[in-house]
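Engineer: Structure file upload_24.txt (compact mmCIF, C-alpha atoms and all ligand atoms) right here:
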```
# COMPACT_ATOMS: atom_id res chain seq x y z
CA MET Y 27 4.26 -54.25 15.46
CA ARG Y 28 7.05 -53.48 17.89
CA THR Y 29 9.17 -56.01 19.68
CA PRO Y 30 8.54 -56.35 23.46
CA GLN Y 31 8.97 -53.11 25.36
CA THR Y 32 10.08 -52.41 28.88
CA GLY Y 33 8.43 -49.85 31.15
CA ASP Y 34 6.51 -47.27 29.18
CA ALA Y 35 8.97 -47.10 26.27
CA GLY Y 36 7.22 -45.96 23.11
CA VAL Y 37 4.71 -43.91 25.11
CA ARG Y 38 4.77 -40.11 24.88
CA TRP Y 39 2.90 -38.48 27.78
CA HIS Y 40 1.36 -35.07 27.13
CA ARG Y 41 0.14 -33.38 30.29
CA VAL Y 42 -2.85 -31.08 30.34
CA GLN Y 43 -3.53 -29.02 33.44
CA ASN Y 44 -6.85 -30.65 34.31
CA ALA Y 45 -9.68 -32.71 32.83
CA ALA Y 46 -11.33 -29.59 31.41
CA ALA Y 47 -8.24 -28.88 29.32
CA LEU Y 48 -8.18 -32.32 27.70
CA PRO Y 49 -10.83 -31.82 24.98
CA GLY Y 50 -9.08 -28.75 23.53
CA GLU Y 51 -5.72 -30.49 23.29
CA ALA Y 52 -7.21 -33.70 21.91
CA CYS Y 53 -9.29 -31.79 19.37
CA ARG Y 54 -6.21 -29.89 18.18
CA ARG Y 55 -4.29 -33.14 17.65
CA ILE Y 56 -7.19 -34.82 15.83
CA ARG Y 57 -7.67 -31.78 13.57
CA ASN Y 58 -3.95 -31.75 12.70
CA ALA Y 59 -3.94 -35.49 11.97
CA ALA Y 60 -6.99 -35.05 9.72
CA SER Y 61 -5.55 -32.16 7.77
CA ASP Y 62 -2.21 -33.97 7.26
CA ALA Y 63 -3.96 -37.16 6.11
CA ILE Y 64 -6.34 -35.36 3.75
CA ARG Y 65 -3.52 -33.29 2.28
CA GLN Y 66 -1.22 -36.30 1.81
CA ARG Y 67 -3.64 -39.11 0.97
CA GLY Y 68 -7.00 -37.47 0.27
CA ARG Y 69 -8.86 -39.12 3.16
CA PHE Y 70 -8.76 -39.58 6.93
CA LEU Y 71 -9.40 -42.95 8.54
CA ILE Y 72 -10.15 -42.51 12.23
CA VAL Y 73 -11.09 -45.10 14.86
CA LEU Y 74 -13.17 -43.80 17.75
CA ALA Y 75 -13.02 -44.63 21.45
CA GLY Y 76 -16.17 -44.99 23.51
CA GLY Y 77 -16.91 -44.36 27.18
CA ASP Y 78 -17.26 -40.96 28.82
CA THR Y 79 -13.85 -39.36 28.36
CA PRO Y 80 -14.14 -38.52 24.63
CA ARG Y 81 -17.66 -37.04 24.80
CA GLU Y 82 -16.48 -33.43 25.12
CA VAL Y 83 -13.76 -33.99 22.55
CA TYR Y 84 -16.39 -35.17 20.09
CA ALA Y 85 -18.64 -32.20 20.87
CA MET Y 86 -15.73 -29.87 20.15
CA LEU Y 87 -14.97 -31.59 16.84
CA ARG Y 88 -18.32 -30.36 15.49
CA SER Y 89 -16.82 -26.94 14.91
CA VAL Y 90 -13.62 -28.04 13.20
CA ASP Y 91 -13.16 -26.59 9.73
CA THR Y 92 -12.50 -29.67 7.56
CA ASP Y 93 -13.76 -31.47 4.50
CA TRP Y 94 -16.02 -34.00 6.26
CA SER Y 95 -16.58 -35.90 3.01
CA ARG Y 96 -12.97 -37.15 3.37
CA TRP Y 97 -13.52 -38.71 6.82
CA GLN Y 98 -14.02 -42.43 7.26
CA VAL Y 99 -15.05 -43.35 10.82
CA TYR Y 100 -14.66 -46.72 12.59
CA PHE Y 101 -15.19 -47.84 16.18
CA GLY Y 102 -12.50 -49.59 18.23
CA ASP Y 103 -15.18 -51.28 20.31
CA GLU Y 104 -18.92 -51.39 20.72
CA ARG Y 105 -21.22 -52.64 23.42
CA CYS Y 106 -23.80 -55.30 22.54
CA LEU Y 107 -26.93 -53.31 23.27
CA PRO Y 108 -29.88 -52.22 21.09
CA ASP Y 109 -28.69 -49.73 18.49
CA ASP Y 110 -30.54 -46.82 20.10
CA ASP Y 111 -29.41 -47.66 23.65
CA ALA Y 112 -27.75 -44.76 25.48
CA GLY Y 113 -24.88 -47.08 26.44
CA ARG Y 114 -23.79 -47.65 22.84
CA ASN Y 115 -20.46 -46.02 22.03
CA SER Y 116 -21.72 -45.22 18.53
CA ARG Y 117 -24.79 -43.47 19.91
CA MET Y 118 -22.68 -41.31 22.20
CA ALA Y 119 -20.45 -40.33 19.27
CA ALA Y 120 -23.48 -39.66 17.06
CA GLN Y 121 -25.19 -37.46 19.62
CA ALA Y 122 -22.07 -35.55 20.58
CA TRP Y 123 -20.63 -35.13 17.10
CA LEU Y 124 -21.40 -37.29 14.07
CA ASP Y 125 -25.08 -36.34 13.71
CA HIS Y 126 -24.03 -32.69 13.49
CA VAL Y 127 -21.50 -32.84 10.65
CA PRO Y 128 -21.90 -33.83 6.98
CA ILE Y 129 -19.91 -37.07 6.97
CA PRO Y 130 -21.61 -39.30 4.38
CA HIS Y 131 -23.66 -41.91 6.19
CA ASP Y 132 -21.87 -44.82 4.53
CA GLN Y 133 -18.53 -43.52 5.83
CA VAL Y 134 -19.49 -44.08 9.47
CA LEU Y 135 -18.92 -47.79 9.99
CA VAL Y 136 -20.57 -49.02 13.18
CA PRO Y 137 -20.19 -52.65 14.37
CA PRO Y 138 -23.67 -54.24 14.32
CA ALA Y 139 -23.33 -55.06 18.02
CA GLU Y 140 -27.10 -55.29 18.51
CA GLN Y 141 -26.80 -58.69 16.76
CA GLY Y 142 -24.61 -60.10 19.54
CA ALA Y 143 -20.85 -60.36 19.92
CA ALA Y 144 -20.14 -63.32 17.63
CA ILE Y 145 -22.17 -62.13 14.64
CA ALA Y 146 -21.02 -58.53 15.08
CA ALA Y 147 -17.35 -59.55 15.22
CA SER Y 148 -17.60 -61.51 11.95
CA ALA Y 149 -19.53 -58.73 10.25
CA TYR Y 150 -17.13 -56.02 11.37
CA ALA Y 151 -14.14 -58.13 10.31
CA ARG Y 152 -15.69 -58.20 6.81
CA THR Y 153 -16.10 -54.41 6.95
CA LEU Y 154 -12.40 -54.05 7.77
CA ARG Y 155 -11.15 -56.66 5.30
CA ASP Y 156 -10.04 -54.21 2.63
CA VAL Y 157 -9.19 -51.34 4.96
CA GLY Y 158 -5.46 -50.70 5.26
CA GLU Y 159 -3.63 -48.74 7.89
CA PHE Y 160 -5.73 -46.33 9.93
CA ASP Y 161 -4.57 -42.73 10.21
CA LEU Y 162 -5.52 -42.24 13.84
CA VAL Y 163 -6.83 -44.56 16.55
CA LEU Y 164 -8.42 -42.91 19.59
CA LEU Y 165 -8.45 -44.96 22.78
CA GLY Y 166 -9.48 -44.60 26.39
CA LEU Y 167 -8.15 -46.22 29.55
CA GLY Y 168 -10.44 -48.01 31.99
CA GLU Y 169 -9.87 -48.18 35.74
CA ASP Y 170 -8.61 -51.75 35.32
CA GLY Y 171 -6.29 -50.83 32.45
CA HIS Y 172 -8.64 -52.00 29.72
CA THR Y 173 -8.74 -50.22 26.43
CA ALA Y 174 -11.37 -50.55 23.68
CA GLY Y 175 -13.03 -53.89 24.59
CA LEU Y 176 -9.73 -55.52 25.64
CA PHE Y 177 -9.89 -56.47 29.31
CA PRO Y 178 -7.28 -57.86 31.72
CA GLY Y 179 -6.96 -61.63 31.67
CA ARG Y 180 -8.77 -61.96 28.32
CA ASP Y 181 -7.50 -62.53 24.81
CA LEU Y 182 -6.15 -59.19 23.60
CA GLY Y 183 -5.47 -60.37 20.07
CA VAL Y 184 -1.79 -59.45 19.97
CA ALA Y 185 -0.57 -62.44 17.96
CA ALA Y 186 0.40 -62.01 14.31
CA GLU Y 187 -2.49 -64.28 13.30
CA ALA Y 188 -5.05 -62.64 15.64
CA PRO Y 189 -8.31 -61.69 13.91
CA ASP Y 190 -9.09 -58.02 13.29
CA VAL Y 191 -12.15 -58.15 15.52
CA LEU Y 192 -12.80 -60.14 18.69
CA PRO Y 193 -16.14 -61.10 20.20
CA VAL Y 194 -16.05 -60.32 23.95
CA LEU Y 195 -18.42 -62.55 25.91
CA ASP Y 196 -17.43 -61.95 29.52
CA ALA Y 197 -16.37 -58.33 29.99
CA PRO Y 198 -16.07 -57.52 33.70
CA LYS Y 199 -17.64 -54.09 33.06
CA PRO Y 200 -21.26 -54.15 31.83
CA PRO Y 201 -22.46 -55.01 29.34
CA SER Y 202 -20.61 -58.32 29.37
CA GLN Y 203 -21.00 -58.76 25.60
CA ARG Y 204 -18.98 -56.46 23.41
CA VAL Y 205 -17.10 -56.46 20.16
CA SER Y 206 -13.58 -55.09 19.92
CA MET Y 207 -10.84 -54.61 17.39
CA SER Y 208 -7.87 -56.74 18.42
CA ALA Y 209 -4.66 -55.17 19.74
CA ARG Y 210 -3.00 -56.19 16.49
CA ARG Y 211 -5.58 -54.34 14.36
CA LEU Y 212 -5.64 -51.28 16.62
CA SER Y 213 -1.85 -51.12 16.26
CA ARG Y 214 -2.06 -51.04 12.45
CA THR Y 215 -2.21 -47.27 12.31
CA ARG Y 216 -0.07 -44.22 11.68
CA ALA Y 217 -0.89 -42.81 15.12
CA VAL Y 218 -2.61 -43.67 18.39
CA LEU Y 219 -3.97 -41.09 20.80
CA PHE Y 220 -5.06 -42.16 24.27
CA LEU Y 221 -7.34 -39.79 26.20
CA VAL Y 222 -6.96 -40.18 29.96
CA ALA Y 223 -8.66 -38.17 32.70
CA GLY Y 224 -10.30 -38.80 36.07
CA ALA Y 225 -8.89 -39.78 39.46
CA SER Y 226 -10.21 -43.33 39.06
CA LYS Y 227 -7.55 -43.92 36.37
CA ARG Y 228 -4.62 -43.25 38.71
CA HIS Y 229 -3.89 -46.90 39.48
CA ALA Y 230 -4.03 -47.98 35.83
CA VAL Y 231 -1.71 -45.14 34.81
CA ARG Y 232 0.75 -46.18 37.49
CA GLN Y 233 0.69 -49.80 36.27
CA TRP Y 234 1.27 -48.62 32.74
CA ARG Y 235 4.24 -46.46 33.71
CA LEU Y 236 5.74 -49.27 35.73
CA GLY Y 237 5.57 -51.48 32.66
CA ASN Y 238 3.05 -53.88 34.14
CA ASP Y 239 0.94 -55.83 31.73
CA ILE Y 240 -2.29 -53.91 31.37
CA PRO Y 241 -4.24 -54.20 28.11
CA ALA Y 242 -3.42 -50.61 27.11
CA ARG Y 243 0.24 -51.66 26.77
CA SER Y 244 -0.68 -54.12 24.06
CA ILE Y 245 -1.32 -51.31 21.58
CA ARG Y 246 2.04 -50.88 19.90
CA PRO Y 247 2.13 -49.24 16.50
CA GLU Y 248 5.54 -48.61 14.93
CA SER Y 249 5.17 -44.90 15.66
CA GLY Y 250 4.58 -45.39 19.41
CA VAL Y 251 1.58 -43.93 21.19
CA ASP Y 252 0.64 -40.47 22.43
CA VAL Y 253 -1.27 -40.05 25.67
CA VAL Y 254 -3.05 -36.80 26.50
CA ILE Y 255 -3.44 -36.98 30.24
CA GLN Y 256 -4.57 -34.91 33.17
CA ALA Y 257 -1.31 -33.85 34.86
CA SER Y 258 -2.27 -34.95 38.38
CA LEU Y 259 -2.43 -38.58 37.22
CA LEU Y 260 1.28 -38.52 36.51
CA CYS Y 261 2.17 -37.46 40.06
CA VAL Y 262 2.72 -40.98 41.36
O1 LIG M 1 -16.18 -49.38 28.28
C1 LIG M 1 -15.37 -48.63 27.77
O2 LIG M 1 -14.45 -48.05 28.54
C2 LIG M 1 -13.28 -47.41 28.04
C3 LIG M 1 -12.93 -46.29 29.03
O3 LIG M 1 -14.06 -45.44 29.14
P1 LIG M 1 -14.13 -44.14 30.07
O4 LIG M 1 -15.61 -43.96 30.32
O5 LIG M 1 -13.40 -44.50 31.33
O6 LIG M 1 -13.52 -43.04 29.31
C4 LIG M 1 -13.50 -46.89 26.62
O7 LIG M 1 -12.28 -46.44 26.08
C5 LIG M 1 -14.13 -47.97 25.77
O8 LIG M 1 -14.28 -47.52 24.43
C6 LIG M 1 -15.48 -48.27 26.35
O9 LIG M 1 -16.25 -49.20 25.61
```
With the file now loaded, output its structure as structure tokens.
Ligand SMILES: O=C1O[C@H](COP(=O)(O)O)[C@@H](O)[C@H](O)[C@H]1O
Structural biologist:
Amino acid sequence: MRTPQTGDAGVRWHRVQNAAALPGEACRRIRNAASDAIRQRGRFLIVLAGGDTPREVYAMLRSVDTDWSRWQVYFGDERCLPDDDAGRNSRMAAQAWLDHVPIPHDQVLVPPAEQGAAIAASAYARTLRDVGEFDLVLLGLGEDGHTAGLFPGRDLGVAAEAPDVLPVLDAPKPPSQRVSMSARRLSRTRAVLFLVAGASKRHAVRQWRLGNDIPARSIRPESGVDVVIQASLLCV
């Protein structure tokens, strides 16, 4: 991980004209990361973001020309809800994308969040135990600056000894129980791509650019992070 940064050092901002242009740009970047990884290492390890912003990106990924048998899919965070609940991040990704492409079932690794945060965090940590560096981590940005299930004022798991997966018991955004990869584990990747759109994110983006301590700033892979962002959010 990087040493402490000032401001938004290590962050590359990539403007898209408006929210409608974000899925195309994100999809292009994901496709390129996948083809590089598959060509160089024979597989592509991707971590998915939840929430609303990636839904259209995921829908667009259905039509990418790739060898889906080489994809290995993880989730940066999951909400502790029944496994068929519409609020589950994994259900959104399945409906928008994963159910429509031939990724082998056992290569989509969903945290068992329906079992509650503590059990799910231990189980998902076991799933990740022998997984090395990810190829690409997708992340969103909440209105309060949260990313994955890492919320302001909570343990972000940045320390060298932080576990790979954290149980979240008091998230300020419902549901209060979640499971999240730690900032340390999310930073163990060749690339990070944040997807940011929507006027409600303006304040969080400003905090980020000012170098204030929002959870999104805790994601610090060696390679820095890329942010695909609606241009109007940078006009502050
Ligand atoms: O609750 C969550 O929120 C963030 C941001 O979601 P968005 O709806 O504002 O795009 C998301 O990245 C995270 O995975 C999710 O669980």
Engineer: Please define a box with edges along x, y and z of the file around all atoms of stretch 157-168 of chain Y given in the file, extend it by 8 Å on each side, and return its centre and edge lengths in Å to one decimal, as AutoDock Vina command-line options.
Structural biologist:
```
--center_x -7.0 --center_y -46.8 --center_z 18.5 --size_x 22.8 --size_y 25.1 --size_z 43.0
```
Engineer: Using all atoms listed in the file, which residue out of Y:Ala45, Y:Leu107, Y:Ala188, Y:Val99 lies closest to Y:Ser202?
Structural biologist: Y:Leu107
Engineer: Any residue with an atom at most 10 Å from ligand LIG 1 (chain M) counts, using all atoms listed in the file. Which are they? Put them as a PyMOL selection string.
Structural biologist: chain Y and resi 74-81+101-105+113-116+164-177+197-201+204-206+220-224+226-227+242
Engineer: Could the residues in this selection be saved with C-alpha atoms as a short mmCIF file (atom, residue, chain, number, x, y, z; two decimals), in the frame of the given file?
Structural biologist:
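Okay, again-v4.cif is ready:
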```
data_model
loop_
_atom_site.label_atom_id
_atom_site.label_comp_id
_atom_site.auth_asym_id
_atom_site.auth_seq_id
_atom_site.Cartn_x
_atom_site.Cartn_y
_atom_site.Cartn_z
CA LEU Y 74 -13.17 -43.80 17.75
CA ALA Y 75 -13.02 -44.63 21.45
CA GLY Y 76 -16.17 -44.99 23.51
CA GLY Y 77 -16.91 -44.36 27.18
CA ASP Y 78 -17.26 -40.96 28.82
CA THR Y 79 -13.85 -39.36 28.36
CA PRO Y 80 -14.14 -38.52 24.63
CA ARG Y 81 -17.66 -37.04 24.80
CA PHE Y 101 -15.19 -47.84 16.18
CA GLY Y 102 -12.50 -49.59 18.23
CA ASP Y 103 -15.18 -51.28 20.31
CA GLU Y 104 -18.92 -51.39 20.72
CA ARG Y 105 -21.22 -52.64 23.42
CA GLY Y 113 -24.88 -47.08 26.44
CA ARG Y 114 -23.79 -47.65 22.84
CA ASN Y 115 -20.46 -46.02 22.03
CA SER Y 116 -21.72 -45.22 18.53
CA LEU Y 164 -8.42 -42.91 19.59
CA LEU Y 165 -8.45 -44.96 22.78
CA GLY Y 166 -9.48 -44.60 26.39
CA LEU Y 167 -8.15 -46.22 29.55
CA GLY Y 168 -10.44 -48.01 31.99
CA GLU Y 169 -9.87 -48.18 35.74
CA ASP Y 170 -8.61 -51.75 35.32
CA GLY Y 171 -6.29 -50.83 32.45
CA HIS Y 172 -8.64 -52.00 29.72
CA THR Y 173 -8.74 -50.22 26.43
CA ALA Y 174 -11.37 -50.55 23.68
CA GLY Y 175 -13.03 -53.89 24.59
CA LEU Y 176 -9.73 -55.52 25.64
CA PHE Y 177 -9.89 -56.47 29.31
CA ALA Y 197 -16.37 -58.33 29.99
CA PRO Y 198 -16.07 -57.52 33.70
CA LYS Y 199 -17.64 -54.09 33.06
CA PRO Y 200 -21.26 -54.15 31.83
CA PRO Y 201 -22.46 -55.01 29.34
CA ARG Y 204 -18.98 -56.46 23.41
CA VAL Y 205 -17.10 -56.46 20.16
CA SER Y 206 -13.58 -55.09 19.92
CA PHE Y 220 -5.06 -42.16 24.27
CA LEU Y 221 -7.34 -39.79 26.20
CA VAL Y 222 -6.96 -40.18 29.96
CA ALA Y 223 -8.66 -38.17 32.70
CA GLY Y 224 -10.30 -38.80 36.07
CA SER Y 226 -10.21 -43.33 39.06
CA LYS Y 227 -7.55 -43.92 36.37
CA ALA Y 242 -3.42 -50.61 27.11
#
```
Engineer: Is it possible to get the residues within 10 Å of (-3.1, -34.3, 38.2) (coordinates as in the file, counting all atoms listed in the file) written as a ChimeraX atom specification?
Structural biologist: /Y:41-45,223-225,228,255-262
Engineer: May I have the protein, DNA and RNA residues with an atom at most 8 Å from (-16.8, -44.8, 3.0), counting only C-alpha atoms in the file's coordinates, returned as a PDB file with C-alpha atoms, in the coordinates of the input?
Structural biologist:
```pdb
ATOM      1  CA  TRP Y  97     -13.520 -38.710   6.820  1.00  0.00           C
ATOM      2  CA  GLN Y  98     -14.020 -42.430   7.260  1.00  0.00           C
ATOM      3  CA  PRO Y 130     -21.610 -39.300   4.380  1.00  0.00           C
ATOM      4  CA  ASP Y 132     -21.870 -44.820   4.530  1.00  0.00           C
ATOM      5  CA  GLN Y 133     -18.530 -43.520   5.830  1.00  0.00           C
ATOM      6  CA  VAL Y 134     -19.490 -44.080   9.470  1.00  0.00           C
ATOM      7  CA  LEU Y 135     -18.920 -47.790   9.990  1.00  0.00           C
TER       8      LEU Y 135
END
```
Engineer: Just to confirm, what's the straight-line distance from atom CA of Y:Ala59 to atom CA of Y:Ala186 in Å (one decimal)?
Structural biologist: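 Computing the Euclidean distance for atom CA of Y:Ala59 and atom CA of Y:Ala186 yields 27.0 Å.
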Engineer: Smallest atom-to-atom distance to Y:Arg65: which of Y:Gly50, Y:Thr92, Y:Glu82, Y:Arg180, using all atoms listed in the file?
Structural biologist: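 Smallest distance to Y:Arg65 is found for Y:Thr92.
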Engineer: Restricting the calculation to all atoms listed in the file, which member of Y:Arg246, Y:His229, Y:Arg117, Y:Arg235 is positioned closest to Y:Thr215?
Structural biologist: Y:Arg246
Engineer: Residues at most 9 Å from Y:Leu124, counting all atoms listed in the file, excluding those fewer than 2 positions away in the same chain, as a list in words?
Structural biologist: Tyr84, Ala85, Arg88, Ala119, Ala120, Gln121, Ala122, His126, Val127, Pro128, Ile129 and Val134 of chain Y
Engineer: Identify which of the residues Y:Ile56, Y:Val163, Y:Ala47, Y:Leu192 lies closest to Y:Ala143, counting only C-alpha atoms when measuring atom-to-atom distances.
Structural biologist: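 Among the listed residues, the smallest separation from Y:Ala143 belongs to Y:Leu192.
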Engineer: With all atoms listed in the file as the counted atoms, please give the residues lying no more than 12 Å from Y:Ala217, apart from itself and same-chain residues fewer than 4 positions off, as a PyMOL selection string.
Structural biologist: chain Y and resi 36-38+55-56+58-60+62-63+70-73+159-165+212-213+245-253
Engineer: Deliver the residues from the most recent selection as a file, using C-alpha atoms, as a PDB file, keeping the file's coordinate frame.
Structural biologist:
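For reference, result-v8.pdb as written:
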```pdb
ATOM      1  CA  GLY Y  36       7.220 -45.960  23.110  1.00  0.00           C
ATOM      2  CA  VAL Y  37       4.710 -43.910  25.110  1.00  0.00           C
ATOM      3  CA  ARG Y  38       4.770 -40.110  24.880  1.00  0.00           C
ATOM      4  CA  ARG Y  55      -4.290 -33.140  17.650  1.00  0.00           C
ATOM      5  CA  ILE Y  56      -7.190 -34.820  15.830  1.00  0.00           C
ATOM      6  CA  ASN Y  58      -3.950 -31.750  12.700  1.00  0.00           C
ATOM      7  CA  ALA Y  59      -3.940 -35.490  11.970  1.00  0.00           C
ATOM      8  CA  ALA Y  60      -6.990 -35.050   9.720  1.00  0.00           C
ATOM      9  CA  ASP Y  62      -2.210 -33.970   7.260  1.00  0.00           C
ATOM     10  CA  ALA Y  63      -3.960 -37.160   6.110  1.00  0.00           C
ATOM     11  CA  PHE Y  70      -8.760 -39.580   6.930  1.00  0.00           C
ATOM     12  CA  LEU Y  71      -9.400 -42.950   8.540  1.00  0.00           C
ATOM     13  CA  ILE Y  72     -10.150 -42.510  12.230  1.00  0.00           C
ATOM     14  CA  VAL Y  73     -11.090 -45.100  14.860  1.00  0.00           C
ATOM     15  CA  GLU Y 159      -3.630 -48.740   7.890  1.00  0.00           C
ATOM     16  CA  PHE Y 160      -5.730 -46.330   9.930  1.00  0.00           C
ATOM     17  CA  ASP Y 161      -4.570 -42.730  10.210  1.00  0.00           C
ATOM     18  CA  LEU Y 162      -5.520 -42.240  13.840  1.00  0.00           C
ATOM     19  CA  VAL Y 163      -6.830 -44.560  16.550  1.00  0.00           C
ATOM     20  CA  LEU Y 164      -8.420 -42.910  19.590  1.00  0.00           C
ATOM     21  CA  LEU Y 165      -8.450 -44.960  22.780  1.00  0.00           C
ATOM     22  CA  LEU Y 212      -5.640 -51.280  16.620  1.00  0.00           C
ATOM     23  CA  SER Y 213      -1.850 -51.120  16.260  1.00  0.00           C
ATOM     24  CA  ILE Y 245      -1.320 -51.310  21.580  1.00  0.00           C
ATOM     25  CA  ARG Y 246       2.040 -50.880  19.900  1.00  0.00           C
ATOM     26  CA  PRO Y 247       2.130 -49.240  16.500  1.00  0.00           C
ATOM     27  CA  GLU Y 248       5.540 -48.610  14.930  1.00  0.00           C
ATOM     28  CA  SER Y 249       5.170 -44.900  15.660  1.00  0.00           C
ATOM     29  CA  GLY Y 250       4.580 -45.390  19.410  1.00  0.00           C
ATOM     30  CA  VAL Y 251       1.580 -43.930  21.190  1.00  0.00           C
ATOM     31  CA  ASP Y 252       0.640 -40.470  22.430  1.00  0.00           C
ATOM     32  CA  VAL Y 253      -1.270 -40.050  25.670  1.00  0.00           C
TER      33      VAL Y 253
END
```
Engineer: Could you work out how far atom CA of Y:Val191 lies from atom CA of Y:Ala147, giving the answer in Å with one decimal?
Structural biologist: 5.4 Å
Engineer: Near Y:Val83, within 8 Å and counting all atoms listed in the file, which residues show up once chain neighbours fewer than 6 positions away are dropped, as a PyMOL selection string?
Structural biologist: chain Y and resi 48-50+52-53
Engineer: Tell me, in Å to one decimal, how far atom CA of Y:Asp109 is from atom CA of Y:Asp125.
Structural biologist: 14.7 Å
Engineer: Which one of Y:Asp190, Y:Glu51, Y:Asp91, Y:Asp239 sits closest to Y:Asp34 if you count all atoms listed in the file?
Structural biologist: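 Checking each of Y:Asp190, Y:Glu51, Y:Asp91, Y:Asp239 against Y:Asp34, counting all atoms listed in the file, the winner is Y:Asp239.
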Engineer: Which polymer residues have any atom within 6 Å of an atom of Y:Ala209, counting all atoms listed in the file, with same-chain residues fewer than 2 positions away left out, as a list in words?
Structural biologist: Leu182, Gly183, Val184, Arg211, Leu212, Ser244 and Ile245 of chain Y
Engineer: Those selected residues, please, written with C-alpha atoms and delivered as a PDB file, keeping the file's coordinate frame.
Structural biologist:
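Listing of again-v1.pdb after writing:
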```pdb
ATOM      1  CA  LEU Y 182      -6.150 -59.190  23.600  1.00  0.00           C
ATOM      2  CA  GLY Y 183      -5.470 -60.370  20.070  1.00  0.00           C
ATOM      3  CA  VAL Y 184      -1.790 -59.450  19.970  1.00  0.00           C
ATOM      4  CA  ARG Y 211      -5.580 -54.340  14.360  1.00  0.00           C
ATOM      5  CA  LEU Y 212      -5.640 -51.280  16.620  1.00  0.00           C
ATOM      6  CA  SER Y 244      -0.680 -54.120  24.060  1.00  0.00           C
ATOM      7  CA  ILE Y 245      -1.320 -51.310  21.580  1.00  0.00           C
TER       8      ILE Y 245
END
```
Engineer: Any chance you could model N, CA and C atoms for stretch 173-187 of chain Y and send them as a compact mmCIF listing (two decimals), in the coordinates of the input?
Structural biologist:
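Result saved to rebuild21.txt:
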```
# COMPACT_ATOMS: atom_id res chain seq x y z
N THR Y 173 -8.59 -51.21 27.48
CA THR Y 173 -8.74 -50.22 26.43
C THR Y 173 -9.58 -50.84 25.33
N ALA Y 174 -10.35 -50.02 24.61
CA ALA Y 174 -11.37 -50.55 23.68
C ALA Y 174 -12.14 -51.62 24.45
N GLY Y 175 -12.33 -52.81 23.87
CA GLY Y 175 -13.03 -53.89 24.59
C GLY Y 175 -12.05 -54.97 25.04
N LEU Y 176 -10.79 -54.57 25.27
CA LEU Y 176 -9.73 -55.52 25.64
C LEU Y 176 -9.50 -55.43 27.14
N PHE Y 177 -9.89 -56.50 27.85
CA PHE Y 177 -9.89 -56.47 29.31
C PHE Y 177 -8.79 -57.36 29.88
N PRO Y 178 -8.34 -57.05 31.10
CA PRO Y 178 -7.28 -57.86 31.72
C PRO Y 178 -7.68 -59.33 31.80
N GLY Y 179 -6.73 -60.19 31.54
CA GLY Y 179 -6.96 -61.63 31.67
C GLY Y 179 -7.70 -62.24 30.49
N ARG Y 180 -8.07 -61.43 29.50
CA ARG Y 180 -8.77 -61.96 28.32
C ARG Y 180 -7.82 -61.96 27.12
N ASP Y 181 -8.28 -62.56 26.04
CA ASP Y 181 -7.50 -62.53 24.81
C ASP Y 181 -7.48 -61.09 24.28
N LEU Y 182 -6.28 -60.57 24.10
CA LEU Y 182 -6.15 -59.19 23.60
C LEU Y 182 -5.95 -59.17 22.09
N GLY Y 183 -5.67 -60.32 21.52
CA GLY Y 183 -5.47 -60.37 20.07
C GLY Y 183 -4.18 -59.71 19.64
N VAL Y 184 -3.08 -60.05 20.33
CA VAL Y 184 -1.79 -59.45 19.97
C VAL Y 184 -1.02 -60.28 18.93
N ALA Y 185 -1.35 -61.55 18.82
CA ALA Y 185 -0.57 -62.44 17.96
C ALA Y 185 -0.67 -62.02 16.50
N ALA Y 186 0.36 -62.39 15.73
CA ALA Y 186 0.40 -62.01 14.31
C ALA Y 186 -0.82 -62.54 13.56
N GLU Y 187 -1.35 -63.68 14.01
CA GLU Y 187 -2.49 -64.28 13.30
C GLU Y 187 -3.82 -63.91 13.97
```
